[in-house]
Structure formats: C-alpha cells, structure tokens
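So this block is model.txt, compact mmCIF, C-alpha atoms:
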# COMPACT_ATOMS: atom_id res chain seq x y z
CA MET A 1 -81.71 -49.60 3.42
CA THR A 2 -84.85 -47.55 2.92
CA SER A 3 -84.98 -43.78 3.22
CA GLU A 4 -86.49 -44.02 6.70
CA GLN A 5 -83.84 -46.50 7.82
CA ALA A 6 -81.09 -44.23 6.49
CA LYS A 7 -82.47 -41.21 8.34
CA LYS A 8 -82.73 -43.24 11.53
CA PHE A 9 -79.11 -44.37 11.11
CA ILE A 10 -77.93 -40.78 10.60
CA ALA A 11 -79.82 -39.65 13.70
CA GLY A 12 -77.72 -42.08 15.73
CA TYR A 13 -74.60 -39.95 15.05
CA PRO A 14 -75.56 -36.40 16.09
CA GLY A 15 -71.96 -35.12 16.31
CA ALA A 16 -70.68 -36.65 13.07
CA LYS A 17 -69.44 -34.82 9.99
CA ASN A 18 -72.32 -35.47 7.61
CA PHE A 19 -71.53 -35.89 3.90
CA VAL A 20 -74.69 -37.83 3.03
CA LYS A 21 -76.17 -36.68 -0.29
CA PRO A 22 -79.75 -35.39 0.21
CA SER A 23 -80.74 -36.88 -3.15
CA HIS A 24 -79.84 -40.34 -1.81
CA LEU A 25 -82.54 -40.04 0.86
CA GLU A 26 -85.36 -39.44 -1.63
CA ASP A 27 -87.66 -42.13 -3.01
CA LEU A 28 -85.54 -44.31 -5.29
CA SER A 29 -86.32 -46.90 -7.92
CA PRO A 30 -87.11 -50.37 -6.49
CA LEU A 31 -83.98 -51.55 -8.30
CA LEU A 32 -81.75 -49.28 -6.18
CA GLU A 33 -81.26 -48.49 -2.52
CA CYS A 34 -79.23 -46.12 -0.37
CA HIS A 35 -76.41 -47.30 1.87
CA VAL A 36 -75.11 -45.03 4.65
CA GLU A 37 -71.78 -45.79 6.29
CA ALA A 38 -70.08 -44.32 9.36
CA ILE A 39 -66.28 -43.96 9.19
CA VAL A 40 -64.41 -43.41 12.46
CA CYS A 41 -61.05 -41.64 12.01
CA ARG A 42 -58.25 -40.98 14.48
CA LYS A 43 -56.35 -37.73 14.82
CA ASP A 44 -53.17 -39.31 13.42
CA GLU A 45 -55.03 -40.10 10.18
CA PHE A 46 -54.88 -36.40 9.26
CA HIS A 47 -52.08 -33.99 8.41
CA ASP A 48 -51.96 -31.14 10.91
CA ILE A 49 -51.01 -28.07 8.87
CA SER A 50 -51.15 -24.95 11.01
CA GLY A 51 -54.32 -26.11 12.77
CA ALA A 52 -56.06 -27.33 9.61
CA TYR A 53 -56.47 -31.10 9.46
CA MET A 54 -56.13 -32.57 5.97
CA PRO A 55 -57.03 -36.25 5.41
CA ARG A 56 -54.13 -38.52 4.54
CA LYS A 57 -54.24 -40.65 1.40
CA GLU A 58 -55.35 -43.79 3.26
CA THR A 59 -58.10 -41.77 4.97
CA LEU A 60 -59.36 -40.47 1.63
CA ASP A 61 -59.31 -44.03 0.31
CA LYS A 62 -61.67 -45.05 3.13
CA PHE A 63 -63.94 -42.12 2.30
CA ALA A 64 -63.92 -43.09 -1.39
CA GLN A 65 -64.81 -46.69 -0.60
CA ALA A 66 -67.67 -45.62 1.67
CA CYS A 67 -69.08 -43.44 -1.13
CA GLY A 68 -68.61 -46.05 -3.85
CA ILE A 69 -66.21 -43.88 -5.84
CA SER A 70 -64.48 -45.40 -8.84
CA TYR A 71 -62.10 -43.72 -11.27
CA ASN A 72 -62.38 -43.17 -14.98
CA PRO A 73 -59.46 -45.10 -16.52
CA THR A 74 -59.49 -43.02 -19.71
CA ALA A 75 -58.91 -39.81 -17.75
CA GLU A 76 -56.23 -41.17 -15.42
CA THR A 77 -52.82 -40.32 -16.85
CA THR A 78 -49.43 -39.08 -15.70
CA ARG A 79 -47.33 -37.08 -18.14
CA LYS A 80 -43.89 -35.54 -17.91
CA GLU A 81 -43.39 -31.91 -18.80
CA GLY A 82 -39.81 -30.85 -19.25
CA SER A 83 -37.04 -32.76 -17.54
CA SER A 84 -38.29 -32.78 -13.96
CA CYS A 85 -42.02 -31.99 -13.82
CA TYR A 86 -44.75 -34.64 -13.59
CA VAL A 87 -48.45 -33.87 -14.01
CA GLY A 88 -51.09 -36.42 -13.00
CA SER A 89 -54.78 -36.32 -13.86
CA ALA A 90 -57.75 -38.28 -12.48
CA GLN A 91 -61.54 -38.24 -12.57
CA GLY A 92 -63.86 -39.82 -10.03
CA MET A 93 -67.36 -41.16 -10.65
CA VAL A 94 -70.23 -42.43 -8.50
CA MET A 95 -73.64 -43.97 -9.14
CA GLY A 96 -76.42 -41.40 -9.00
CA PRO A 97 -79.98 -41.80 -7.67
CA ASP A 98 -81.17 -42.64 -11.19
CA GLY A 99 -78.65 -45.48 -11.55
CA LYS A 100 -76.41 -43.57 -13.97
CA GLN A 101 -72.77 -42.73 -13.34
CA ILE A 102 -72.08 -39.14 -12.24
CA MET A 103 -68.69 -37.93 -13.43
CA GLY A 104 -66.64 -35.56 -11.33
CA PRO A 105 -64.26 -32.94 -12.73
CA ILE A 106 -60.92 -33.96 -14.21
CA CYS A 107 -58.36 -32.91 -11.61
CA GLU A 108 -54.64 -32.40 -12.12
CA TYR A 109 -51.73 -32.37 -9.72
CA GLU A 110 -48.27 -31.09 -10.60
CA PHE A 111 -45.12 -32.36 -8.96
CA ASP A 112 -42.12 -30.27 -10.01
CA VAL A 113 -38.82 -31.55 -8.66
CA GLU A 114 -37.05 -28.19 -9.12
CA VAL A 115 -39.73 -26.36 -7.14
CA ARG A 116 -39.47 -28.93 -4.34
CA LEU A 117 -35.70 -28.47 -4.25
CA GLU A 118 -36.10 -24.70 -3.94
CA GLU A 119 -38.44 -25.25 -1.00
CA LEU A 120 -35.82 -27.44 0.66
CA LYS A 121 -33.18 -24.76 0.17
CA LEU A 122 -35.39 -22.12 1.79
CA LYS A 123 -36.32 -24.31 4.76
CA GLY A 124 -32.81 -25.63 5.28
CA LYS A 125 -31.79 -28.99 6.69
CA THR A 126 -32.71 -29.86 10.25
CA ALA A 127 -29.70 -30.34 12.49
CA TRP A 128 -29.29 -31.22 16.15
CA ASN A 129 -26.58 -29.64 18.25
CA ASN A 130 -26.24 -30.75 21.88
CA GLY A 131 -29.91 -31.73 21.96
CA SER A 132 -31.16 -28.46 20.48
CA LYS A 133 -32.88 -28.30 17.09
CA SER A 134 -31.56 -25.95 14.45
CA THR A 135 -31.35 -25.60 10.68
CA ARG A 136 -28.42 -25.27 8.34
CA PRO A 137 -28.04 -24.84 4.58
CA TYR A 138 -27.95 -27.95 2.37
CA THR A 139 -24.64 -28.88 0.83
CA ASP A 140 -24.43 -29.45 -2.92
CA GLN A 141 -24.05 -33.19 -2.38
CA GLU A 142 -27.12 -33.33 -0.12
CA LEU A 143 -29.20 -31.42 -2.67
CA ALA A 144 -28.10 -33.82 -5.41
CA ALA A 145 -29.17 -36.78 -3.26
CA GLU A 146 -32.53 -35.13 -2.51
CA ARG A 147 -33.07 -34.45 -6.21
CA ILE A 148 -32.55 -38.12 -7.06
CA GLN A 149 -35.07 -39.19 -4.41
CA LEU A 150 -37.65 -36.68 -5.68
CA MET A 151 -37.18 -37.88 -9.26
CA LYS A 152 -37.81 -41.46 -8.12
CA VAL A 153 -41.18 -40.68 -6.58
CA GLY A 154 -42.23 -37.85 -8.88
CA ARG A 155 -44.57 -39.83 -11.13
CA MET A 156 -46.19 -41.65 -8.19
CA ARG A 157 -46.69 -38.44 -6.21
CA ALA A 158 -48.33 -36.77 -9.20
CA ASN A 159 -50.73 -39.68 -9.69
CA THR A 160 -51.59 -39.88 -5.98
CA GLY A 161 -52.15 -36.14 -5.73
CA ALA A 162 -54.50 -36.17 -8.72
CA ARG A 163 -56.54 -39.03 -7.27
CA ASN A 164 -56.82 -37.30 -3.91
CA ARG A 165 -58.06 -34.13 -5.59
CA ALA A 166 -60.57 -36.09 -7.68
CA THR A 167 -61.87 -37.81 -4.53
CA ILE A 168 -62.29 -34.54 -2.64
CA ALA A 169 -63.97 -32.91 -5.64
CA ILE A 170 -66.65 -35.56 -6.11
CA LEU A 171 -67.25 -35.79 -2.35
CA GLY A 172 -67.86 -32.05 -2.17
CA MET A 173 -65.45 -31.92 0.76
CA GLN A 174 -63.11 -29.13 1.74
CA THR A 175 -59.38 -29.78 1.60
CA GLY A 176 -58.84 -29.31 5.33
CA PHE A 177 -60.91 -29.05 8.51
CA LYS A 178 -60.17 -26.33 11.04
CA ASN A 179 -60.65 -27.12 14.73
CA LEU A 180 -61.48 -30.73 13.90
CA PHE A 181 -59.44 -31.85 16.91
CA ASP A 182 -58.24 -30.09 20.01
CA LYS A 183 -54.60 -29.12 19.74
CA ASN A 184 -53.70 -30.98 22.92
CA ALA A 185 -55.81 -34.07 22.15
CA SER A 186 -54.04 -37.42 21.83
CA ASP A 187 -53.51 -39.12 18.49
CA HIS A 188 -56.18 -41.70 19.40
CA THR A 189 -58.95 -39.10 19.59
CA THR A 190 -61.61 -39.96 17.02
CA VAL A 191 -64.19 -38.21 14.90
CA THR A 192 -66.98 -39.80 12.83
CA PHE A 193 -67.81 -39.08 9.19
CA LEU A 194 -71.05 -40.15 7.49
CA PHE A 195 -71.14 -41.00 3.79
CA SER A 196 -73.78 -42.45 1.49
CA ARG A 197 -73.77 -44.33 -1.79
CA ILE A 198 -76.32 -45.83 -4.17
CA ILE A 199 -76.18 -49.59 -4.58
CA VAL A 200 -78.14 -52.16 -6.54
CA ASN A 201 -81.02 -53.64 -4.55
CA ALA A 202 -80.12 -57.33 -4.65
CA LYS A 203 -83.31 -58.17 -2.74
CA ASN A 204 -85.41 -57.16 -5.73
CA GLU A 205 -86.58 -60.24 -7.63
CA MET A 206 -85.89 -58.71 -11.05
CA VAL A 207 -82.34 -57.74 -10.06
CA LEU A 208 -81.70 -61.12 -8.46
CA ASN A 209 -82.83 -63.02 -11.56
CA ARG A 210 -80.69 -60.80 -13.76
CA MET A 211 -77.66 -61.43 -11.56
CA LEU A 212 -78.23 -65.18 -11.72
CA ASP A 213 -78.55 -65.01 -15.51
CA ASN A 214 -75.25 -63.15 -15.76
CA ILE A 215 -73.55 -65.71 -13.54
CA ALA A 216 -74.93 -68.76 -15.35
CA GLY A 217 -74.69 -67.30 -18.87
CA PRO A 218 -70.97 -67.91 -19.53
CA THR A 219 -71.18 -71.44 -18.12
CA GLN A 220 -74.14 -72.33 -20.32
CA ALA A 221 -72.42 -70.82 -23.35
CA LEU A 222 -69.40 -73.05 -22.80
CA PHE A 223 -71.00 -76.30 -21.67
CA GLY A 224 -74.69 -75.96 -22.50
CA SER A 225 -77.64 -76.28 -20.15
CA ALA A 226 -77.40 -79.08 -17.64
CA PRO A 227 -80.12 -81.73 -18.06
CA VAL A 228 -82.52 -82.12 -15.17
CA ALA A 229 -81.90 -85.53 -13.66
CA ALA A 230 -84.82 -87.27 -11.99
CA ILE A 231 -83.93 -88.84 -8.67
CA SER A 232 -85.84 -92.02 -8.00
CA GLY A 233 -86.88 -92.81 -4.48
CA ARG A 234 -89.79 -93.57 -2.23
CA THR A 235 -92.96 -91.74 -3.12
CA ASP A 236 -94.83 -92.62 0.05
CA THR A 237 -94.33 -90.72 3.26
CA ALA A 238 -94.70 -93.71 5.55
CA GLU A 239 -92.02 -93.96 8.16
CA LEU A 240 -89.47 -96.64 7.42
CA PRO A 241 -89.26 -99.36 10.07
CA MET A 242 -86.23 -99.26 12.32
CA ARG A 243 -83.92 -102.23 12.30
CA ASN A 244 -82.43 -103.72 15.43
CA ALA A 245 -83.96 -101.04 17.64
CA THR A 246 -83.61 -101.66 21.35
CA PRO A 247 -86.48 -101.03 23.75
CA ALA A 248 -86.67 -97.62 25.35
CA GLY A 249 -84.98 -97.29 28.70
CA ASP A 250 -82.33 -99.99 28.25
CA ASP A 251 -78.61 -99.45 28.73
CA PHE A 252 -77.47 -100.89 25.41
CA ASP A 253 -76.42 -98.97 22.33
CA ASP A 254 -78.15 -99.61 19.03
CA PHE A 255 -76.00 -101.38 16.46
CA PRO A 256 -76.79 -101.56 12.76
CA ALA A 257 -78.37 -104.84 11.79
CA ASP A 258 -76.08 -107.35 10.14
CA PRO A 259 -76.69 -107.67 6.41
CA PRO A 260 -78.57 -110.81 5.41
CA ALA A 261 -76.41 -113.79 4.62
CA ASP A 262 -77.90 -113.98 1.11
CA ASP A 263 -76.60 -110.48 0.36
CA GLU A 264 -73.03 -111.51 1.11
CA ARG A 265 -73.47 -114.68 -0.89
CA VAL A 266 -74.86 -112.80 -3.89
CA ALA A 267 -72.06 -110.24 -3.74
CA ARG A 268 -69.45 -112.99 -3.67
CA LEU A 269 -71.05 -114.84 -6.59
CA VAL A 270 -71.45 -111.68 -8.69
CA ALA A 271 -67.80 -110.77 -8.09
CA ALA A 272 -66.69 -114.24 -9.20
CA ILE A 273 -68.85 -114.09 -12.35
CA SER A 274 -67.48 -110.60 -13.13
CA GLU A 275 -63.98 -112.04 -13.36
CA TRP A 276 -65.13 -114.27 -16.23
CA THR A 277 -66.12 -111.19 -18.27
CA LEU A 278 -62.38 -110.74 -18.86
CA SER A 279 -61.94 -114.22 -20.31
CA ASP A 280 -60.20 -114.55 -23.66
CA ASP A 281 -62.93 -116.97 -24.73
CA GLN A 282 -65.64 -114.67 -26.04
CA ARG A 283 -68.32 -117.31 -25.52
CA ILE A 284 -67.64 -117.30 -21.79
CA ALA A 285 -67.07 -113.53 -21.49
CA LYS A 286 -70.30 -112.79 -23.35
CA ARG A 287 -72.44 -115.07 -21.12
CA ALA A 288 -70.84 -113.73 -17.92
CA GLN A 289 -71.46 -110.15 -19.02
CA ALA A 290 -75.09 -110.98 -19.85
CA ILE A 291 -75.64 -112.26 -16.30
CA ILE A 292 -74.14 -109.06 -14.84
CA ASP A 293 -76.10 -106.80 -17.19
CA ARG A 294 -79.49 -108.26 -16.33
CA GLY A 295 -78.78 -107.70 -12.63
CA GLU A 296 -79.31 -111.28 -11.56
CA SER A 297 -79.56 -111.49 -7.76
CA ASN A 298 -80.96 -114.98 -7.15
CA PRO A 299 -78.18 -117.05 -5.58
CA ASP A 300 -79.87 -120.26 -6.78
CA VAL A 301 -79.30 -119.03 -10.34
CA LEU A 302 -75.90 -117.41 -9.81
CA GLU A 303 -74.25 -120.40 -8.17
CA PRO A 304 -74.94 -123.00 -10.91
CA SER A 305 -74.24 -120.37 -13.59
CA LEU A 306 -70.82 -119.77 -12.04
CA ALA A 307 -70.18 -123.50 -11.93
CA LEU A 308 -70.98 -123.81 -15.65
CA LEU A 309 -68.73 -120.84 -16.50
CA CYS A 310 -65.89 -122.41 -14.53
CA TYR A 311 -66.42 -125.71 -16.33
CA LEU A 312 -66.31 -124.05 -19.74
CA GLY A 313 -63.39 -121.82 -18.78
CA ASN A 314 -61.32 -124.78 -17.63
CA GLY A 315 -61.64 -126.47 -21.00
CA GLY A 316 -64.69 -128.64 -20.43
CA ARG A 317 -65.96 -129.98 -23.74
CA THR A 318 -68.56 -132.59 -22.86
CA GLY A 319 -71.97 -130.91 -23.13
CA ALA A 320 -70.38 -127.48 -23.72
CA ASN A 321 -73.02 -126.41 -26.22
CA VAL A 322 -75.80 -127.49 -23.87
CA CYS A 323 -74.23 -125.42 -21.06
CA ILE A 324 -73.99 -122.36 -23.28
CA GLN A 325 -77.61 -122.76 -24.35
CA ALA A 326 -78.70 -123.02 -20.72
CA LEU A 327 -76.85 -119.79 -19.90
CA ASP A 328 -78.50 -118.04 -22.84
CA ASP A 329 -82.03 -119.18 -21.98
CA ALA A 330 -84.21 -117.65 -19.30
CA PRO A 331 -82.94 -118.69 -15.87
CA ASP A 332 -84.23 -122.16 -14.98
CA VAL A 333 -82.95 -123.21 -11.58
CA ALA A 334 -83.83 -126.90 -12.00
CA ASN A 335 -82.20 -127.14 -15.43
CA LEU A 336 -79.05 -125.34 -14.28
CA LYS A 337 -78.64 -127.56 -11.23
CA ALA A 338 -79.18 -130.68 -13.33
CA LEU A 339 -76.48 -129.56 -15.76
CA VAL A 340 -74.09 -128.88 -12.89
CA GLU A 341 -74.60 -132.44 -11.62
CA LYS A 342 -73.88 -133.83 -15.10
CA VAL A 343 -70.79 -131.63 -15.40
CA ASN A 344 -69.50 -132.79 -12.03
CA LYS A 345 -69.97 -136.43 -13.06
CA ALA A 346 -68.15 -135.75 -16.34
CA LYS A 347 -65.23 -134.19 -14.48
CA ALA A 348 -65.12 -137.08 -12.01
CA SER A 349 -64.96 -139.62 -14.79

As structure tokens, how would this structure be written, given the file I've shared?
Amino acid sequence: MTSEQAKKFIAGYPGAKNFVKPSHLEDLSPLLECHVEAIVCRKDEFHDISGAYMPRKETLDKFAQACGISYNPTAETTRKEGSSCYVGSAQGMVMGPDGKQIMGPICEYEFDVEVRLEELKLKGKTAWNNGSKSTRPYTDQELAAERIQLMKVGRMRANTGARNRATIAILGMQTGFKNLFDKNASDHTTVTFLFSRIIVNAKNEMVLNRMLDNIAGPTQALFGSAPVAAISGRTDTAELPMRNATPAGDDFDDFPADPPADDERVARLVAAISEWTLSDDQRIAKRAQAIIDRGESNPDVLEPSLALLCYLGNGGRTGANVCIQALDDAPDVANLKALVEKVNKAKAS
C-alpha cells in the first residue's frame, strides 16, 4: 500500500497500540511498499504478572510475522554452561526502507535448573486441604522429579526465551504492558496492535519480470527453452455456419449433425489398411504404410487399394507385380478398379 493508504488504515484504529515504524510511511523506492497489519489479541494471550501483561510466545510469534521478522541462523545457538545451565542466543532482522536487512541486537536467555529449583523451594508446593489452598515444603523425591523435568526442557526454554527477547528488541516493544486490560475483564476482551513491514512491490514491472526470470531460470537450465509452437487454424473471423440448427421458437433440442457417411467409410478403410502395415511381407507393409503416410482420404482410391493389398497378402501371384506398381504410382481410380476386377476374375478361376 502507498503511504497515504497506510495512514488511512492506521486512522481506522484510533485506540490501537501503534508500533508502525515512521520510516515505513515515508516515500519509498518504487520497488518496495509498506504493509500495515492489525493484530487483535485476547486477554488470555498475555501473562498477567502483578498487573503487567506480558505477551505469550504464540502472541510474540504473531507480532513477528506481522512485522516480517526473520532470525539470523548464524547467531542462533544454545550452549550448556556447567552441568545444569543452558544459555540461548538469537538475533532478529527485518527489511528496512532502503531494502537492506536491519539486524537487531544479539539477545541471550539463561535457563539455570539449579536456580529454578531454589525458586520452587522458596515458593513451596501447592496443597489443598479440605478445599482450602495452602503450601508445604517439597520432599526430596519431589525435588528430584522436578529437577528431571527442568533438565528435559532446559535447552528448549533457553532457545525460546532468546527468540522472544530478540523479537521484543527489534520491535522496540516493552516487555510488559501495565493496565492493558481491566483486572475484572473477561479473557475474551481484546486489544488491537498495529505493525508495519516493508515488502517487495510485486506490482512493479521490473520486480515482476525479475521474479518470473528467477522462477523460469532453473527450468530452462535443466531442460532448455521451450520452442514456440505455431497453432494452425482459421485466419478469417467469419462466423462458422451452424449445423442442424432448429428454427427459433420451436420445442425441440438441437442435436449434433450426424457425420457424413463417407467419413465413416474412410475411417473403416484406413483402419483396415493400417492392419496391413504389420504384415511380415515387406512389400505389402511398405505400400500400406505409404497410403497411410500420404493421408489418402478418397474412398474410391482406398477401397480398391485395400482389395489389392488383401489379394497380395493372401498369396495372390497372378499380376502381383502389376498390383504393386499400381499401388506405387499416383492414385488412378480407373486403373485400380480395373485391376480389382482382374484380380477377382483370377480368384474365381
């Protein structure tokens, strides 16, 4: 969208939390454009920590997607320090108004299992006695079980924490929001956040052509450029006559016209001649193939030619060379019919 369209979109959300970058609303290169997105979040998508609402991981993921945040793979690591401490690191990056990637700070998050166990000891284990909530000290066995669970998720928690910090850092967002929701509001109460990102302007002709080149490049490298095939057809724009059209206003449906009888006859004769192309006698197979190849469609030529092929294929010897010569010469209907009559007389005798 253009800068004016983006400002108009933002004006439609007067009570939203606005995290649109001012630099995204300036005049950009024709190859780029600004995209503004509104994200609606519920109260239960935040952690309520003493009145400060901190976005959950899935909420931060929605924010990151709306801003076009990606993560630097070379800076994303999780290392183990000591026997029970995991440290994750991550770095976010977004496309800037000039089309270059803007790198955020490298953020770290430490997850120490021993520290978490000490916190559990201080808080105690929640217990219920006759419907009333109370706390009691952890037993040694319970602490051992908790330690195993923390060790299982330690590496994942360190990586997730680092990513969340990297997302918040590049967004320029505070960790928590005070008074974001009323304390007595239901979990379905919503608040809107506005985010912006720079995207490639696919409507630009230069960008579009470049995208098409990138798509077609690998295919052409593998298989080469496809030849342009000319499609033959009618060159005039005259309307083709309708066949078997019924007069307007009648109560009968139009049916396609029956094919001419000659078409069926030609198809039958061509099919019969095609069978002789498989003959073991190369003289017969060669003549049959020649008839098919030249696209003969005159039934007055096909019918006597088929009769001569059948005569030769069934072992006819009288006048065989004359029959072959007639099949090789240019089609002569009178000559072919005369030969068929002679062949029939020879077979009868």

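Nearest residue to Val40 (chain A), choosing from A:Thr277, A:Thr2, A:Thr189, A:Gln101 and counting only C-alpha atoms: A:Thr189.
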
Quick one: residues within 12 Å of region 21-37 of chain A, all atoms listed in the file counted, chain neighbours fewer than 3 positions away excluded, as a PyMOL selection string?
chain A and resi 1-13+16-18+40+62-68+94-100+170-173+192-210

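Of the listed residues A:Ala307, A:Ala158, A:Cys107, A:Ala169, the one whose atoms come nearest to Val87 (chain A) is A:Ala158, with distances taken using only C-alpha atoms.
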
From the list A:Val191, A:Leu122, A:Leu150, A:Met211, which residue is nearest Glu45 (chain A) when using only C-alpha atoms?
A:Val191

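When CA of Ala144 (chain A) is paired with CA of Ser50 (chain A), their separation reads 29.7 Å.
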
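The two atoms in question, CA of Pro14 (chain A) and CA of Arg42 (chain A), are spaced 18.0 Å apart.
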
Point-to-point distance in Å for CA of Ser297 (chain A) and CA of Ser279 (chain A):
21.8 Å

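Each of A:Thr59, A:Thr126, A:Asn321, A:Gln91 was checked against Thr74 (chain A) using all atoms listed in the file; the smallest atom-to-atom distance is that of A:Gln91.
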
Contacts of Ala162 (chain A) at 6 Å (all atoms listed in the file; same-chain gap of 5+ positions) as a ChimeraX atom specification:
/A:88-90,107-109
